[in-house]
>>> print(open('work-v6.tsv').read())   # TSV, C-alpha atoms
chain	number	residue	atom	x	y	z
R	1	MET	CA	-29.60	-15.48	-75.25
R	2	SER	CA	-31.27	-12.23	-76.30
R	3	THR	CA	-34.89	-11.37	-75.64
R	4	HIS	CA	-37.15	-9.78	-78.26
R	5	GLN	CA	-40.57	-8.45	-77.31
R	6	LEU	CA	-43.08	-5.86	-78.46
R	7	VAL	CA	-44.34	-3.39	-75.89
R	8	VAL	CA	-47.83	-2.13	-76.80
R	9	LEU	CA	-49.79	0.45	-74.81
R	10	ASN	CA	-53.56	-0.07	-74.64
R	11	LYS	CA	-55.01	3.39	-74.00
R	12	ASP	CA	-58.56	2.40	-73.06
R	13	ASP	CA	-57.60	-0.61	-70.90
R	14	ASP	CA	-54.84	1.22	-68.99
R	15	THR	CA	-52.53	-1.70	-69.71
R	16	ILE	CA	-49.38	-2.73	-71.54
R	17	SER	CA	-49.29	-5.89	-73.65
R	18	ILE	CA	-45.94	-7.67	-73.91
R	19	ILE	CA	-46.06	-9.58	-77.20
R	20	GLN	CA	-43.70	-12.07	-78.83
R	21	PRO	CA	-42.86	-10.45	-82.21
R	22	ASP	CA	-42.46	-13.77	-84.03
R	23	THR	CA	-45.65	-15.46	-82.87
R	24	GLY	CA	-47.98	-12.67	-81.74
R	25	GLU	CA	-48.45	-14.35	-78.36
R	26	THR	CA	-49.17	-11.98	-75.48
R	27	THR	CA	-47.01	-13.20	-72.62
R	28	THR	CA	-47.67	-10.49	-70.04
R	29	VAL	CA	-50.25	-7.77	-69.40
R	30	ILE	CA	-49.23	-4.92	-67.09
R	31	GLU	CA	-51.56	-2.42	-65.44
R	32	THR	CA	-50.70	1.28	-65.80
R	33	ALA	CA	-52.04	4.61	-64.65
R	34	PHE	CA	-54.85	6.22	-66.63
R	35	ASN	CA	-54.51	6.42	-70.41
R	36	PRO	CA	-50.98	5.29	-71.45
R	37	HIS	CA	-49.89	6.95	-74.72
R	38	GLU	CA	-46.14	6.82	-75.51
R	39	VAL	CA	-43.27	4.53	-74.54
R	40	GLU	CA	-39.46	4.59	-74.70
R	41	VAL	CA	-36.99	1.83	-73.84
R	42	SER	CA	-33.86	2.75	-71.87
R	43	PRO	CA	-30.53	2.46	-73.75
R	44	ASN	CA	-29.47	-0.66	-71.85
R	45	GLY	CA	-32.94	-2.19	-72.03
R	46	ASP	CA	-33.52	-2.45	-68.30
R	47	ARG	CA	-36.50	-0.08	-68.12
R	48	ILE	CA	-39.40	1.30	-70.11
R	49	PHE	CA	-40.82	4.80	-69.67
R	50	VAL	CA	-44.55	5.33	-70.24
R	51	THR	CA	-46.50	8.59	-70.40
R	52	CYS	CA	-50.01	8.19	-68.99
R	53	SER	CA	-51.43	11.28	-70.61
R	54	LEU	CA	-54.90	11.82	-69.15
R	55	GLY	CA	-53.59	10.56	-65.81
R	56	GLY	CA	-50.83	13.17	-65.76
R	57	LYS	CA	-48.07	10.69	-64.92
R	58	LEU	CA	-44.82	9.19	-66.16
R	59	GLN	CA	-44.38	5.57	-65.13
R	60	VAL	CA	-41.20	3.50	-65.10
R	61	PHE	CA	-41.26	-0.30	-65.35
R	62	SER	CA	-38.48	-2.86	-65.01
R	63	THR	CA	-38.10	-5.11	-68.05
R	64	GLU	CA	-36.65	-7.84	-65.85
R	65	ASP	CA	-39.97	-8.62	-64.14
R	66	TRP	CA	-42.26	-5.90	-65.60
R	67	GLU	CA	-42.83	-4.49	-62.13
R	68	LEU	CA	-43.58	-0.80	-61.61
R	69	GLU	CA	-40.45	0.99	-60.35
R	70	ALA	CA	-41.68	4.55	-60.09
R	71	THR	CA	-44.55	6.91	-60.82
R	72	ILE	CA	-43.47	10.48	-61.48
R	73	GLU	CA	-45.72	13.52	-61.33
R	74	HIS	CA	-45.24	17.25	-61.85
R	75	GLU	CA	-47.55	20.24	-61.52
R	76	HIS	CA	-47.07	20.96	-65.23
R	77	PHE	CA	-47.74	17.39	-66.42
R	78	GLU	CA	-50.79	18.49	-68.39
R	79	PHE	CA	-51.19	15.62	-70.86
R	80	PRO	CA	-47.57	14.38	-70.75
R	81	HIS	CA	-46.98	12.76	-74.12
R	82	GLY	CA	-43.93	12.72	-76.40
R	83	LEU	CA	-40.70	11.04	-75.27
R	84	ALA	CA	-37.14	10.86	-76.59
R	85	ILE	CA	-33.87	9.70	-75.08
R	86	ARG	CA	-30.67	11.73	-75.27
R	87	GLU	CA	-28.37	8.80	-74.69
R	88	SER	CA	-25.01	10.63	-74.50
R	89	ALA	CA	-26.26	12.71	-71.56
R	90	ASN	CA	-28.34	9.96	-69.95
R	91	GLU	CA	-31.48	12.08	-70.26
R	92	LEU	CA	-35.15	11.46	-71.00
R	93	TRP	CA	-36.92	14.34	-72.74
R	94	LEU	CA	-40.69	14.61	-72.24
R	95	VAL	CA	-43.19	17.07	-73.69
R	96	ALA	CA	-46.57	17.86	-72.13
R	97	THR	CA	-49.15	18.84	-74.74
R	98	TYR	CA	-51.54	21.16	-72.88
R	99	SER	CA	-48.90	23.01	-70.85
R	100	SER	CA	-46.40	23.02	-73.76
R	101	MET	CA	-43.65	22.36	-71.25
R	102	VAL	CA	-40.42	20.41	-71.79
R	103	PHE	CA	-39.06	18.18	-69.03
R	104	VAL	CA	-35.49	16.87	-68.95
R	105	ILE	CA	-35.21	13.90	-66.60
R	106	ASP	CA	-32.16	11.94	-65.44
R	107	LEU	CA	-32.55	8.37	-66.72
R	108	GLU	CA	-31.07	6.79	-63.59
R	109	THR	CA	-32.16	8.96	-60.66
R	110	LEU	CA	-35.41	10.08	-62.33
R	111	ASP	CA	-34.79	13.61	-61.05
R	112	PHE	CA	-35.98	16.62	-63.04
R	113	LEU	CA	-32.91	18.32	-64.49
R	114	GLU	CA	-34.74	21.11	-66.30
R	115	VAL	CA	-38.31	22.26	-66.93
R	116	PHE	CA	-39.04	25.02	-69.43
R	117	PRO	CA	-41.76	26.16	-71.88
R	118	THR	CA	-41.73	26.06	-75.67
R	119	HIS	CA	-43.98	29.16	-75.79
R	120	GLN	CA	-45.91	27.38	-78.55
R	121	ASP	CA	-49.38	25.79	-78.57
R	122	LYS	CA	-49.90	22.05	-78.01
R	123	SER	CA	-46.30	20.85	-78.07
R	124	HIS	CA	-46.77	17.14	-78.62
R	125	MET	CA	-43.95	14.96	-79.99
R	126	VAL	CA	-40.18	15.28	-79.65
R	127	ALA	CA	-37.22	13.92	-81.63
R	128	ILE	CA	-33.48	14.30	-80.99
R	129	ASP	CA	-30.80	14.23	-83.67
R	130	ALA	CA	-28.12	11.53	-83.89
R	131	ALA	CA	-25.48	13.84	-82.41
R	132	ASP	CA	-27.71	14.45	-79.35
R	133	ARG	CA	-27.27	18.18	-79.90
R	134	TYR	CA	-30.71	19.41	-80.96
R	135	ALA	CA	-34.25	18.49	-79.97
R	136	TYR	CA	-37.16	19.12	-82.32
R	137	ILE	CA	-40.71	19.46	-81.00
R	138	ALA	CA	-43.86	19.39	-83.14
R	139	ASN	CA	-46.40	22.00	-82.02
R	140	ILE	CA	-49.86	20.96	-83.20
R	141	GLY	CA	-51.59	24.22	-82.32
R	142	SER	CA	-48.92	26.60	-83.61
R	143	ASP	CA	-48.13	24.86	-86.92
R	144	SER	CA	-44.46	25.02	-86.01
R	145	VAL	CA	-41.43	23.03	-84.88
R	146	THR	CA	-39.47	24.21	-81.86
R	147	VAL	CA	-35.71	23.72	-82.19
R	148	ILE	CA	-33.87	23.41	-78.86
R	149	ASP	CA	-30.15	23.38	-78.14
R	150	CYS	CA	-29.94	20.38	-75.80
R	151	GLU	CA	-26.76	21.58	-74.10
R	152	THR	CA	-27.95	25.08	-73.24
R	153	ARG	CA	-31.65	24.10	-72.96
R	154	SER	CA	-32.48	27.16	-75.04
R	155	VAL	CA	-35.06	27.56	-77.81
R	156	ILE	CA	-33.25	28.76	-80.92
R	157	ALA	CA	-35.98	28.70	-83.58
R	158	ASP	CA	-39.68	27.98	-84.21
R	159	PRO	CA	-39.87	27.44	-87.98
R	160	PRO	CA	-43.37	27.15	-89.48
R	161	VAL	CA	-44.45	23.91	-91.14
R	162	GLY	CA	-47.81	22.58	-92.33
R	163	GLU	CA	-51.14	22.43	-90.55
R	164	GLY	CA	-51.29	20.41	-87.33
R	165	PRO	CA	-47.75	18.96	-87.16
R	166	GLU	CA	-47.50	15.85	-85.02
R	167	GLY	CA	-45.17	13.05	-86.17
R	168	ILE	CA	-41.51	14.10	-86.24
R	169	ALA	CA	-38.17	12.40	-86.87
R	170	VAL	CA	-34.64	13.43	-87.82
R	171	HIS	CA	-33.17	11.70	-90.88
R	172	PRO	CA	-29.36	11.87	-91.23
R	173	ASP	CA	-29.55	12.86	-94.90
R	174	ALA	CA	-33.05	14.14	-95.65
R	175	GLY	CA	-33.40	16.45	-92.63
R	176	ILE	CA	-36.24	16.93	-90.16
R	177	LEU	CA	-39.37	15.12	-91.35
R	178	VAL	CA	-42.69	16.38	-89.98
R	179	ALA	CA	-46.10	14.78	-90.61
R	180	ASN	CA	-48.87	17.39	-90.63
R	181	GLN	CA	-52.28	16.03	-89.62
R	182	GLU	CA	-54.54	18.68	-91.08
R	183	ASP	CA	-53.06	19.19	-94.56
R	184	GLY	CA	-51.84	15.62	-95.09
R	185	MET	CA	-48.34	16.71	-96.02
R	186	LEU	CA	-44.81	15.81	-94.98
R	187	SER	CA	-42.77	18.94	-94.27
R	188	VAL	CA	-39.01	18.64	-94.79
R	189	LEU	CA	-36.84	21.04	-92.79
R	190	ASP	CA	-33.20	21.72	-93.50
R	191	PRO	CA	-31.29	21.21	-90.20
R	192	ASP	CA	-28.86	24.04	-90.92
R	193	SER	CA	-31.20	26.79	-92.09
R	194	ARG	CA	-34.11	25.40	-90.03
R	195	THR	CA	-36.51	26.27	-92.81
R	196	GLU	CA	-38.96	24.18	-94.80
R	197	VAL	CA	-37.25	23.17	-98.06
R	198	ASN	CA	-39.64	20.53	-99.41
R	199	LYS	CA	-43.03	18.87	-99.01
R	200	ALA	CA	-44.48	15.48	-99.91
R	201	LEU	CA	-48.08	14.30	-100.05
R	202	LEU	CA	-49.19	11.73	-97.48
R	203	GLY	CA	-52.51	10.09	-96.59
R	204	LYS	CA	-55.36	11.40	-94.44
R	205	ILE	CA	-54.40	12.50	-90.91
R	206	PRO	CA	-50.75	11.35	-90.76
R	207	ILE	CA	-49.63	11.20	-87.13
R	208	ARG	CA	-46.17	9.60	-86.79
R	209	THR	CA	-42.87	9.64	-88.65
R	210	VAL	CA	-40.66	6.57	-88.11
R	211	ILE	CA	-37.30	5.87	-89.74
R	212	ALA	CA	-36.05	2.33	-90.48
R	213	PRO	CA	-32.75	1.32	-88.82
R	214	ASP	CA	-30.82	1.59	-92.10
R	215	GLY	CA	-32.33	4.99	-92.87
R	216	GLU	CA	-33.51	3.90	-96.32
R	217	THR	CA	-37.23	3.87	-95.55
R	218	VAL	CA	-39.58	6.08	-93.56
R	219	PHE	CA	-43.07	4.96	-92.48
R	220	VAL	CA	-45.90	7.41	-91.81
R	221	PRO	CA	-49.17	5.90	-90.51
R	222	ASN	CA	-52.25	7.75	-91.77
R	223	ARG	CA	-54.99	7.59	-89.17
R	224	GLU	CA	-58.08	8.23	-91.30
R	225	SER	CA	-57.05	6.61	-94.58
R	226	ASN	CA	-56.10	3.43	-92.65
R	227	ASP	CA	-52.77	2.94	-94.35
R	228	VAL	CA	-49.05	3.62	-94.05
R	229	SER	CA	-47.17	5.94	-96.38
R	230	VAL	CA	-43.80	4.54	-97.44
R	231	ILE	CA	-41.33	7.38	-97.92
R	232	ASP	CA	-38.07	7.09	-99.82
R	233	PRO	CA	-36.00	9.78	-98.02
R	234	THR	CA	-33.54	10.21	-100.92
R	235	PHE	CA	-35.86	9.82	-103.88
R	236	ASP	CA	-34.54	11.30	-107.14
R	237	ARG	CA	-37.25	13.34	-108.86
R	238	GLY	CA	-35.61	14.41	-112.10
R	239	GLY	CA	-32.30	15.38	-110.57
R	240	GLU	CA	-33.75	16.71	-107.33
R	241	ILE	CA	-33.17	14.55	-104.24
R	242	ARG	CA	-36.05	14.84	-101.79
R	243	PRO	CA	-38.24	12.60	-99.62
R	244	TRP	CA	-41.19	11.23	-101.55
R	245	GLU	CA	-44.07	8.82	-101.01
R	246	VAL	CA	-43.39	5.70	-103.08
R	247	ALA	CA	-46.10	3.34	-101.78
R	248	ARG	CA	-49.11	2.93	-99.48
R	249	ILE	CA	-49.68	-0.14	-97.33
R	250	PRO	CA	-53.26	-0.84	-96.14
R	251	VAL	CA	-53.43	-1.78	-92.45
R	252	GLY	CA	-56.11	-1.76	-89.73
R	253	ILE	CA	-58.40	1.05	-88.64
R	254	TRP	CA	-56.78	4.16	-87.14
R	255	PRO	CA	-53.09	3.18	-87.37
R	256	GLY	CA	-50.85	5.00	-84.91
R	257	GLY	CA	-47.72	3.95	-83.06
R	258	THR	CA	-45.18	2.32	-85.39
R	259	VAL	CA	-41.83	0.63	-84.80
R	260	PHE	CA	-39.31	-1.30	-86.90
R	261	SER	CA	-37.59	-4.50	-85.83
R	262	PRO	CA	-33.86	-3.92	-85.16
R	263	ASP	CA	-32.89	-5.65	-88.42
R	264	GLY	CA	-35.37	-3.50	-90.36
R	265	THR	CA	-37.10	-6.42	-92.07
R	266	ARG	CA	-40.44	-5.93	-90.35
R	267	ALA	CA	-42.48	-3.05	-88.99
R	268	PHE	CA	-45.28	-3.15	-86.44
R	269	VAL	CA	-48.19	-0.71	-86.56
R	270	ALA	CA	-50.71	-0.35	-83.73
R	271	ASN	CA	-54.26	-0.11	-85.07
R	272	ASN	CA	-56.28	1.89	-82.54
R	273	LYS	CA	-59.77	0.83	-83.59
R	274	THR	CA	-59.27	-2.80	-84.64
R	275	ASN	CA	-57.38	-3.54	-81.40
R	276	ASP	CA	-54.45	-5.19	-83.11
R	277	VAL	CA	-50.97	-4.70	-84.52
R	278	SER	CA	-50.22	-5.00	-88.23
R	279	VAL	CA	-47.00	-6.82	-89.08
R	280	ILE	CA	-45.45	-5.45	-92.26
R	281	ASP	CA	-42.86	-7.01	-94.53
R	282	VAL	CA	-40.75	-3.92	-95.19
R	283	GLU	CA	-39.12	-5.07	-98.41
R	284	GLY	CA	-42.36	-6.47	-99.85
R	285	ARG	CA	-44.39	-3.49	-98.57
R	286	THR	CA	-47.25	-5.72	-97.49
R	287	GLU	CA	-49.08	-6.61	-94.29
R	288	ILE	CA	-48.26	-10.23	-93.47
R	289	ASP	CA	-49.94	-10.74	-90.09
R	290	ARG	CA	-52.05	-9.22	-87.31
R	291	PHE	CA	-51.47	-9.56	-83.57
R	292	GLU	CA	-54.33	-9.06	-81.09
R	293	THR	CA	-53.85	-6.44	-78.35
R	294	GLY	CA	-55.93	-4.73	-75.71
R	295	THR	CA	-58.36	-1.89	-76.36
R	296	HIS	CA	-57.15	1.13	-78.36
R	297	PRO	CA	-53.45	0.25	-78.79
R	298	ASP	CA	-51.20	3.15	-79.74
R	299	GLY	CA	-47.73	3.63	-78.24
R	300	ILE	CA	-45.39	0.82	-79.26
R	301	ALA	CA	-41.74	-0.14	-78.78
R	302	TYR	CA	-39.50	-3.04	-79.72
R	303	PHE	CA	-37.60	-4.39	-76.74
R	304	GLU	CA	-34.34	-6.27	-77.19
R	305	ARG	CA	-31.88	-7.23	-74.48
>>> encode(input="work-v6.tsv", output="structure tokens")
Amino acid sequence: MSTHQLVVLNKDDDTISIIQPDTGETTTVIETAFNPHEVEVSPNGDRIFVTCSLGGKLQVFSTEDWELEATIEHEHFEFPHGLAIRESANELWLVATYSSMVFVIDLETLDFLEVFPTHQDKSHMVAIDAADRYAYIANIGSDSVTVIDCETRSVIADPPVGEGPEGIAVHPDAGILVANQEDGMLSVLDPDSRTEVNKALLGKIPIRTVIAPDGETVFVPNRESNDVSVIDPTFDRGGEIRPWEVARIPVGIWPGGTVFSPDGTRAFVANNKTNDVSVIDVEGRTEIDRFETGTHPDGIAYFER
């Protein structure tokens, strides 16, 4: 029998809420180090990895009993934040915002395999393509995206995007999608030329870019307009195929971390300032429920095993 649970990080409580996604019941609350921000689930579902940003730590918890397995520190963990898993190589990629350093960590041994700088300002979120070949890092302070060859660990480009890029994801058809906080635009990068080829208007202070499992929908939560932009990644605008905002879904105050259910029928959006999670009917593009959380929820994951 499979297990389905939401993992929600409560930044101001220093806790994780484990929530039943069908009922909204919180079944477990786990204490963390100071200020948990982002979370990734291991490929086989046996662990979660949590960056505790102001605490300067990466914590690892077992999903079997939700016990803390390890706390990892590094001298360059200055606001450790964005996480992505390179499954084919059994690697966790972590980016620290204030040091703009990239950390490659072995998923099993938790050893550091590589540590290197982006040479950009405020490197914040990281995404890895489906082939596990390239990593893309949004640099808030440099208005750029760092492109890294995952095999050689080398920076190969830093293409400019909009103002204050934060949310980033790689779509198999549309390209690299970057949500820019300051100008409220979605930058679209071509993965071959690594240049910006299109833009789309979003809401106010967009901070994440999350792709549905089937790739047909992209959600971008807008922190200060309190809604979610629905992006059609292959929208036809008079013969030109490009990502485009096709709807807005009102949610709670300061939406942030967003995740889809594995079947893509629902999405869950953590609302930082209403201390809850919006449940969205993806096809109907409406909020259908709210789940209570701890204080200032943000990072979120869907756990299935």
>>> residues_around(input="work-v6.tsv", residues="R:Val220", least_positions_apart="6", cutoff="12 Å", atoms="only C-alpha atoms", output="ChimeraX atom specification")
/R:166-169,177-181,184-186,200-212,226-233,244-251,255-260,267-269
>>> closest_residue(input="work-v6.tsv", among="R:Lys11, R:His4, R:His119, R:Arg223", to="R:Val155", atoms="only C-alpha atoms")
R:His119
>>> residues_around(input="work-v6.tsv", residues="R:Ser17", least_positions_apart="2", cutoff="10 Å", atoms="all atoms listed in the file", output="list in words")
Gln5, Leu6, Val7, Val8, Leu9, Asn10, Thr15, Ile19, Gln20, Glu25, Thr26, Thr27, Thr28, Val29, Ile30, Glu31, Glu292, Thr293, Gly294, Pro297 and Ile300 of chain R
>>> atom_distance(input="work-v6.tsv", atom1="atom CA of R:Asn198", atom2="atom CA of R:Ala130")
21.3 Å
>>> closest_residue(input="work-v6.tsv", among="R:Thr265, R:Asn44, R:Asn272, R:Ser88", to="R:Cys150", atoms="all atoms listed in the file")
R:Ser88
>>> atom_distance(input="work-v6.tsv", atom1="atom CA of R:Val218", atom2="atom CA of R:Asp149")
25.0 Å
>>> atom_distance(input="work-v6.tsv", atom1="atom CA of R:Ala135", atom2="atom CA of R:Thr195")
15.2 Å
>>> residues_around(input="work-v6.tsv", residues="R:Ile85", least_positions_apart="4", cutoff="9 Å", atoms="all atoms listed in the file", output="ChimeraX atom specification")
/R:40-43,89-94,107,127-128,132
>>> write_last_selection(input="work-v6.tsv", atoms="C-alpha atoms", output="mmCIF file, keeping the file's coordinate frame")
data_model
loop_
_atom_site.group_PDB
_atom_site.id
_atom_site.type_symbol
_atom_site.label_atom_id
_atom_site.label_comp_id
_atom_site.auth_asym_id
_atom_site.auth_seq_id
_atom_site.Cartn_x
_atom_site.Cartn_y
_atom_site.Cartn_z
ATOM 1 C CA GLU R 40 -39.460 4.590 -74.700
ATOM 2 C CA VAL R 41 -36.990 1.830 -73.840
ATOM 3 C CA SER R 42 -33.860 2.750 -71.870
ATOM 4 C CA PRO R 43 -30.530 2.460 -73.750
ATOM 5 C CA ALA R 89 -26.260 12.710 -71.560
ATOM 6 C CA ASN R 90 -28.340 9.960 -69.950
ATOM 7 C CA GLU R 91 -31.480 12.080 -70.260
ATOM 8 C CA LEU R 92 -35.150 11.460 -71.000
ATOM 9 C CA TRP R 93 -36.920 14.340 -72.740
ATOM 10 C CA LEU R 94 -40.690 14.610 -72.240
ATOM 11 C CA LEU R 107 -32.550 8.370 -66.720
ATOM 12 C CA ALA R 127 -37.220 13.920 -81.630
ATOM 13 C CA ILE R 128 -33.480 14.300 -80.990
ATOM 14 C CA ASP R 132 -27.710 14.450 -79.350
#
>>> closest_residue(input="work-v6.tsv", among="R:Asp46, R:Asp276, R:Asp158, R:Asp289", to="R:Glu64", atoms="all atoms listed in the file")
R:Asp46
>>> residues_near_point(input="work-v6.tsv", point="(-43.7, 20.9, -87.9)", cutoff="6 Å", atoms="all atoms listed in the file", output="ChimeraX atom specification")
/R:138,144-145,161,165,178
>>> write_last_selection(input="work-v6.tsv", atoms="C-alpha atoms", output="PDB file, in the frame of the given file")
ATOM      1  CA  ALA R 138     -43.860  19.390 -83.140  1.00  0.00           C
ATOM      2  CA  SER R 144     -44.460  25.020 -86.010  1.00  0.00           C
ATOM      3  CA  VAL R 145     -41.430  23.030 -84.880  1.00  0.00           C
ATOM      4  CA  VAL R 161     -44.450  23.910 -91.140  1.00  0.00           C
ATOM      5  CA  PRO R 165     -47.750  18.960 -87.160  1.00  0.00           C
ATOM      6  CA  VAL R 178     -42.690  16.380 -89.980  1.00  0.00           C
TER       7      VAL R 178
END
>>> closest_residue(input="work-v6.tsv", among="R:His81, R:Arg86, R:His296, R:His37", to="R:Lys122", atoms="all atoms listed in the file")
R:His81
>>> residues_around(input="work-v6.tsv", residues="R:Val39", least_positions_apart="2", cutoff="6 Å", atoms="only C-alpha atoms", output="ChimeraX atom specification")
/R:49-50,299
>>> write_last_selection(input="work-v6.tsv", atoms="C-alpha atoms", output="PDB file, in the frame of the given file")
ATOM      1  CA  PHE R  49     -40.820   4.800 -69.670  1.00  0.00           C
ATOM      2  CA  VAL R  50     -44.550   5.330 -70.240  1.00  0.00           C
ATOM      3  CA  GLY R 299     -47.730   3.630 -78.240  1.00  0.00           C
TER       4      GLY R 299
END
>>> closest_residue(input="work-v6.tsv", among="R:Arg290, R:Tyr134, R:Pro262, R:Asp129", to="R:Phe303", atoms="only C-alpha atoms")
R:Pro262
>>> closest_residue(input="work-v6.tsv", among="R:Pro221, R:Gly239, R:Pro172, R:Gly56", to="R:Val95", atoms="only C-alpha atoms")
R:Gly56
